[in-house]
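S.K.: Encoded as structure tokens, here's the structure I'll be asking about.
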Amino acid sequence: GSGLRIGSMATLSDVATSQELKGAFHILAGAASKVASPLIRNLATIGGNLCQDVRCYYYDQSEFWRKSIEPCIKLGGTACHQVKSSKLCIAIFYSDMAPPLIALGARAKIVSPDGERRVELKDFFIGAGDTLLKKGELLAELEIDDLPLCSGSSYVRHSLREAVDYPLAIASAVLTVSPSDGRCTDARVALGAISSKPVRAEEIEGLIKGGLINDGLLEKAAEMAKKH
């Protein structure tokens, strides 16, 4: 095959029901099917899901409401109203699509009147809802190379309600194992809804690589994930 290309304007409904998302790519359909509600998924795009802003009780209020308090870090101030001692915006980034795309090794194709460029999606997010997009640039496409043989993937999302609810935590993993001895030859693990941007869990990847995938190894990986 020649990998996978997804236009940024593809709706989440289209992604959730796509017959092209087979094998390890199936986690994209699974993630898209969990976002919001069917009506929202019919309009919302995969590009919009990646470029959404962070969520915070204070930041999400109206401009009139925000005038009653000191500007927060996100709005150019020096205060974080969630954690007073924080010097950074800690509002949560809730994209469902970012973790599985990062785990699949996706690249972002960015276009502008000056041309186009590509960046690893794991580097696309700066934090606090900001991305590498510059003025005049658009996220046009997501590119994913074919995965090696004996690769598998998983996407897990925890929320209080199954539908129309933001996730409390997301974990996505893509593993490749050797057909000869069953040991993991490559691993990419991404976490979401726990920080102001998606997290590539490289220390967990290091733990898994070279090991036999069994309950003991996965329990160690889960304990390591809790530290995030």
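FYI, nothing fancy with the structure tokens labels: chains A, B, ... in order, residues from 1 per chain, ligands from 1 as they appear.
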Report as a VMD selection string all protein, DNA and RNA residues lying within 6 Å of stretch 9-24 of chain A, evaluated on only C-alpha atoms, omitting residues in the same chain fewer than 2 positions from it.
M.R.: chain A and resid 7 26 29 32 to 33 41 to 42 44 to 46 152 to 153
S.K.: Store the residues picked out above in a file with N, CA and C atoms, as a compact mmCIF listing (two decimals), in the first residue's frame.
M.R.:
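File produced: again-v4.txt:
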# COMPACT_ATOMS: atom_id res chain seq x y z
N GLY A 7 -7.83 14.12 4.46
CA GLY A 7 -7.97 15.55 4.36
C GLY A 7 -8.50 16.14 5.65
N HIS A 26 -7.67 1.07 12.37
CA HIS A 26 -9.06 1.05 12.87
C HIS A 26 -9.24 1.95 14.09
N ALA A 29 -11.10 5.23 13.38
CA ALA A 29 -12.55 5.14 13.30
C ALA A 29 -13.14 5.02 14.70
N ALA A 32 -12.97 8.50 16.38
CA ALA A 32 -13.93 9.44 15.80
C ALA A 32 -15.36 9.13 16.25
N SER A 33 -15.66 7.86 16.42
CA SER A 33 -17.03 7.46 16.81
C SER A 33 -17.37 7.85 18.24
N ARG A 41 -20.78 15.13 15.04
CA ARG A 41 -19.82 14.41 14.19
C ARG A 41 -20.12 14.61 12.70
N ASN A 42 -21.38 14.85 12.37
CA ASN A 42 -21.75 15.09 10.97
C ASN A 42 -21.18 16.40 10.44
N ALA A 44 -18.50 18.29 12.44
CA ALA A 44 -17.13 18.49 12.92
C ALA A 44 -16.13 17.74 12.04
N THR A 45 -14.96 18.33 11.86
CA THR A 45 -13.93 17.73 11.01
C THR A 45 -12.76 17.23 11.84
N ILE A 46 -11.96 16.37 11.23
CA ILE A 46 -10.78 15.85 11.93
C ILE A 46 -9.77 16.97 12.14
N GLY A 152 -0.20 -3.93 15.60
CA GLY A 152 -1.56 -3.83 16.14
C GLY A 152 -1.72 -2.52 16.88
N SER A 153 -2.96 -2.14 17.13
CA SER A 153 -3.20 -0.85 17.77
C SER A 153 -4.37 -0.95 18.74
S.K.: Do a neighbour search on stretch 198-209 of chain A at 6 Å with only C-alpha atoms, toss out local chain neighbours closer than 4 positions, and write the hits as a ChimeraX atom specification.
M.R.: /A:184-192,221
S.K.: Looking only at alpha helix (DSSP H) from DSSP on the backbone, list the matching residues of stretch 15-152 of chain A as a PyMOL selection string.
M.R.: chain A and resi 15-17+26-32+38-43+46-50+63-66+98-103+121-124
S.K.: For each of A:Pro99, A:Pro71, A:Leu139, A:Gly129, take the minimum atom-to-atom distance to A:Ser8, counting only C-alpha atoms, then give the residue where this is smallest.
M.R.: A:Leu139
S.K.: Could you jot down the atom CA of A:Lys109 to atom CA of A:Asp123 separation for me, Å, one decimal place?
M.R.: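 Calculated distance between atom CA of A:Lys109 and atom CA of A:Asp123 is 12.4 Å.
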S.K.: What's around A:Arg5 at 9 Å? Count only C-alpha atoms, leave out sequence neighbours fewer than 3 positions away in its own chain, and write the answer as a ChimeraX atom specification.
M.R.: /A:141-145
S.K.: For each of A:Leu101, A:Val83, A:Ala140, A:Leu4, take the minimum atom-to-atom distance to A:Leu28, counting only C-alpha atoms, then give the residue where this is smallest.
M.R.: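 That would be A:Leu101, the residue with the smallest distance to A:Leu28.
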S.K.: Leaving out A:Ser159 and any residue of its chain fewer than 4 positions from it, which residues lie within 8 Å of it when counting only C-alpha atoms, given as a VMD selection string?
M.R.: chain A and resid 165 to 169
S.K.: Emit the selected residues as a JSON list (two decimals), in the first residue's frame, including N, CA and C atoms.
M.R.:
[["chain", "number", "residue", "atom", "x", "y", "z"],
["A", 165, "ASP", "N", -19.66, 13.71, 26.05],
["A", 165, "ASP", "CA", -18.88, 14.06, 27.23],
["A", 165, "ASP", "C", -17.41, 14.13, 26.85],
["A", 166, "TYR", "N", -16.71, 15.07, 27.46],
["A", 166, "TYR", "CA", -15.27, 15.14, 27.21],
["A", 166, "TYR", "C", -14.58, 13.98, 27.92],
["A", 167, "PRO", "N", -13.48, 13.49, 27.37],
["A", 167, "PRO", "CA", -12.77, 12.39, 28.02],
["A", 167, "PRO", "C", -12.03, 12.87, 29.27],
["A", 168, "LEU", "N", -11.89, 11.96, 30.22],
["A", 168, "LEU", "CA", -11.07, 12.22, 31.40],
["A", 168, "LEU", "C", -9.64, 11.75, 31.16],
["A", 169, "ALA", "N", -9.48, 10.78, 30.29],
["A", 169, "ALA", "CA", -8.16, 10.29, 29.92],
["A", 169, "ALA", "C", -8.28, 9.46, 28.65]]
S.K.: May I ask which of the residues A:Met224, A:Ala193, A:Ile27, A:Ile213 is the closest one to A:Leu104, counting only C-alpha atoms?
M.R.: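 Ranking A:Met224, A:Ala193, A:Ile27, A:Ile213 by distance to A:Leu104, first place goes to A:Ile27.
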S.K.: Quick one: DSSP strand (DSSP E) residues in stretch 82-145 of chain A, as a ChimeraX atom specification?
M.R.: /A:107-112,115-120,125-127,130-131,138-144
S.K.: Hey, can you spit out that residue selection with N, CA and C atoms as an mmCIF file, in the first residue's frame?
M.R.:
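That gives us selection-v1.cif:
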data_model
loop_
_atom_site.group_PDB
_atom_site.id
_atom_site.type_symbol
_atom_site.label_atom_id
_atom_site.label_comp_id
_atom_site.auth_asym_id
_atom_site.auth_seq_id
_atom_site.Cartn_x
_atom_site.Cartn_y
_atom_site.Cartn_z
ATOM 1 N N ARG A 107 1.873 12.536 10.130
ATOM 2 C CA ARG A 107 2.482 13.830 9.830
ATOM 3 C C ARG A 107 1.389 14.820 9.437
ATOM 4 N N ALA A 108 1.604 16.067 9.764
ATOM 5 C CA ALA A 108 0.675 17.129 9.379
ATOM 6 C C ALA A 108 1.223 17.838 8.146
ATOM 7 N N LYS A 109 0.404 17.885 7.097
ATOM 8 C CA LYS A 109 0.767 18.653 5.908
ATOM 9 C C LYS A 109 0.162 20.039 6.061
ATOM 10 N N ILE A 110 1.013 21.055 6.083
ATOM 11 C CA ILE A 110 0.608 22.436 6.313
ATOM 12 C C ILE A 110 0.838 23.233 5.033
ATOM 13 N N VAL A 111 -0.175 23.964 4.607
ATOM 14 C CA VAL A 111 -0.059 24.728 3.362
ATOM 15 C C VAL A 111 -0.283 26.210 3.621
ATOM 16 N N SER A 112 0.297 27.035 2.744
ATOM 17 C CA SER A 112 0.148 28.484 2.808
ATOM 18 C C SER A 112 0.422 29.037 1.420
ATOM 19 N N GLY A 115 3.777 28.000 0.047
ATOM 20 C CA GLY A 115 4.135 26.618 -0.231
ATOM 21 C C GLY A 115 3.571 25.681 0.820
ATOM 22 N N GLU A 116 4.230 24.573 1.030
ATOM 23 C CA GLU A 116 3.766 23.597 2.019
ATOM 24 C C GLU A 116 4.936 23.035 2.805
ATOM 25 N N ARG A 117 4.634 22.536 3.980
ATOM 26 C CA ARG A 117 5.640 21.887 4.811
ATOM 27 C C ARG A 117 4.971 20.766 5.595
ATOM 28 N N ARG A 118 5.785 19.869 6.095
ATOM 29 C CA ARG A 118 5.276 18.733 6.852
ATOM 30 C C ARG A 118 5.977 18.653 8.194
ATOM 31 N N VAL A 119 5.216 18.356 9.235
ATOM 32 C CA VAL A 119 5.796 18.189 10.569
ATOM 33 C C VAL A 119 5.190 16.943 11.197
ATOM 34 N N GLU A 120 5.960 16.283 12.037
ATOM 35 C CA GLU A 120 5.423 15.165 12.799
ATOM 36 C C GLU A 120 4.293 15.688 13.690
ATOM 37 N N PHE A 125 1.745 20.266 18.250
ATOM 38 C CA PHE A 125 1.092 20.923 19.382
ATOM 39 C C PHE A 125 2.123 21.576 20.299
ATOM 40 N N ILE A 126 1.926 22.870 20.555
ATOM 41 C CA ILE A 126 2.840 23.605 21.422
ATOM 42 C C ILE A 126 2.371 23.561 22.877
ATOM 43 N N GLY A 127 1.061 23.580 23.066
ATOM 44 C CA GLY A 127 0.492 23.601 24.412
ATOM 45 C C GLY A 127 -0.486 24.739 24.561
ATOM 46 N N ASP A 130 -2.359 25.950 21.505
ATOM 47 C CA ASP A 130 -1.607 26.541 20.405
ATOM 48 C C ASP A 130 -0.896 25.457 19.598
ATOM 49 N N THR A 131 -0.719 25.721 18.307
ATOM 50 C CA THR A 131 -0.046 24.787 17.410
ATOM 51 C C THR A 131 1.078 25.495 16.662
ATOM 52 N N LEU A 138 -2.617 26.700 6.905
ATOM 53 C CA LEU A 138 -3.746 25.821 7.181
ATOM 54 C C LEU A 138 -3.253 24.380 7.300
ATOM 55 N N LEU A 139 -3.869 23.643 8.188
ATOM 56 C CA LEU A 139 -3.648 22.200 8.245
ATOM 57 C C LEU A 139 -4.467 21.578 7.118
ATOM 58 N N ALA A 140 -3.792 21.015 6.117
ATOM 59 C CA ALA A 140 -4.488 20.532 4.923
ATOM 60 C C ALA A 140 -4.743 19.033 4.948
ATOM 61 N N GLU A 141 -3.802 18.268 5.483
ATOM 62 C CA GLU A 141 -3.898 16.823 5.347
ATOM 63 C C GLU A 141 -3.090 16.132 6.440
ATOM 64 N N LEU A 142 -3.492 14.891 6.716
ATOM 65 C CA LEU A 142 -2.748 14.036 7.637
ATOM 66 C C LEU A 142 -2.228 12.850 6.851
ATOM 67 N N GLU A 143 -0.954 12.566 7.006
ATOM 68 C CA GLU A 143 -0.309 11.496 6.256
ATOM 69 C C GLU A 143 0.207 10.436 7.222
ATOM 70 N N ILE A 144 -0.082 9.178 6.917
ATOM 71 C CA ILE A 144 0.372 8.066 7.748
ATOM 72 C C ILE A 144 0.973 7.003 6.841
#
S.K.: Find the residues of stretch 64-167 of chain A that sit at most 12 Å from stretch 178-183 of chain A; for each, write down the nearest two atoms and how far apart they are in Å, to one decimal. Count only C-alpha atoms. Sort by chain, then by number going up, and give it as a tab-separated table.
M.R.:
residue	atom	partner	partner_atom	distance
A:Pro148	CA	A:Ser178	CA	10.1
A:Leu149	CA	A:Pro179	CA	8.7
A:Cys150	CA	A:Pro179	CA	6.9
A:Ser151	CA	A:Ser178	CA	9.2
A:Gly152	CA	A:Ser178	CA	11.8
S.K.: With only C-alpha atoms as the basis for distance, which of A:Phe124, A:Tyr59, A:Phe25, A:Phe93 is at the shortest distance from A:Leu75?
M.R.: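 Under the stated criterion, the closest residue is A:Tyr59.
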S.K.: My list of candidates is A:Pro113, A:Lys87, A:Gln52, A:Leu121. Which is closest to A:Glu137 when distances are computed with only C-alpha atoms?
M.R.: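 Using only C-alpha atoms, the shortest distance to A:Glu137 belongs to A:Pro113.
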S.K.: Can you pull out every residue within 7 Å of A:Ser154, counting only C-alpha atoms, but drop anything in the same chain fewer than 4 positions away, and send it as a PyMOL selection string?
M.R.: chain A and resi 27+172-174
S.K.: Please produce a file of the residues just selected, as a PDB file, in the first residue's frame, where the atoms kept are N, CA and C atoms.
M.R.:
ATOM      1  N   ILE A  27      -8.146   2.254  14.802  1.00  0.00           N
ATOM      2  CA  ILE A  27      -8.288   3.090  15.999  1.00  0.00           C
ATOM      3  C   ILE A  27      -8.766   4.495  15.662  1.00  0.00           C
ATOM      4  N   SER A 172      -3.563   5.616  23.671  1.00  0.00           N
ATOM      5  CA  SER A 172      -3.534   4.958  22.375  1.00  0.00           C
ATOM      6  C   SER A 172      -2.146   4.388  22.157  1.00  0.00           C
ATOM      7  N   ALA A 173      -2.075   3.173  21.609  1.00  0.00           N
ATOM      8  CA  ALA A 173      -0.790   2.515  21.411  1.00  0.00           C
ATOM      9  C   ALA A 173      -0.773   1.765  20.087  1.00  0.00           C
ATOM     10  N   VAL A 174       0.374   1.785  19.435  1.00  0.00           N
ATOM     11  CA  VAL A 174       0.610   1.004  18.226  1.00  0.00           C
ATOM     12  C   VAL A 174       1.891   0.213  18.458  1.00  0.00           C
TER      13      VAL A 174
END
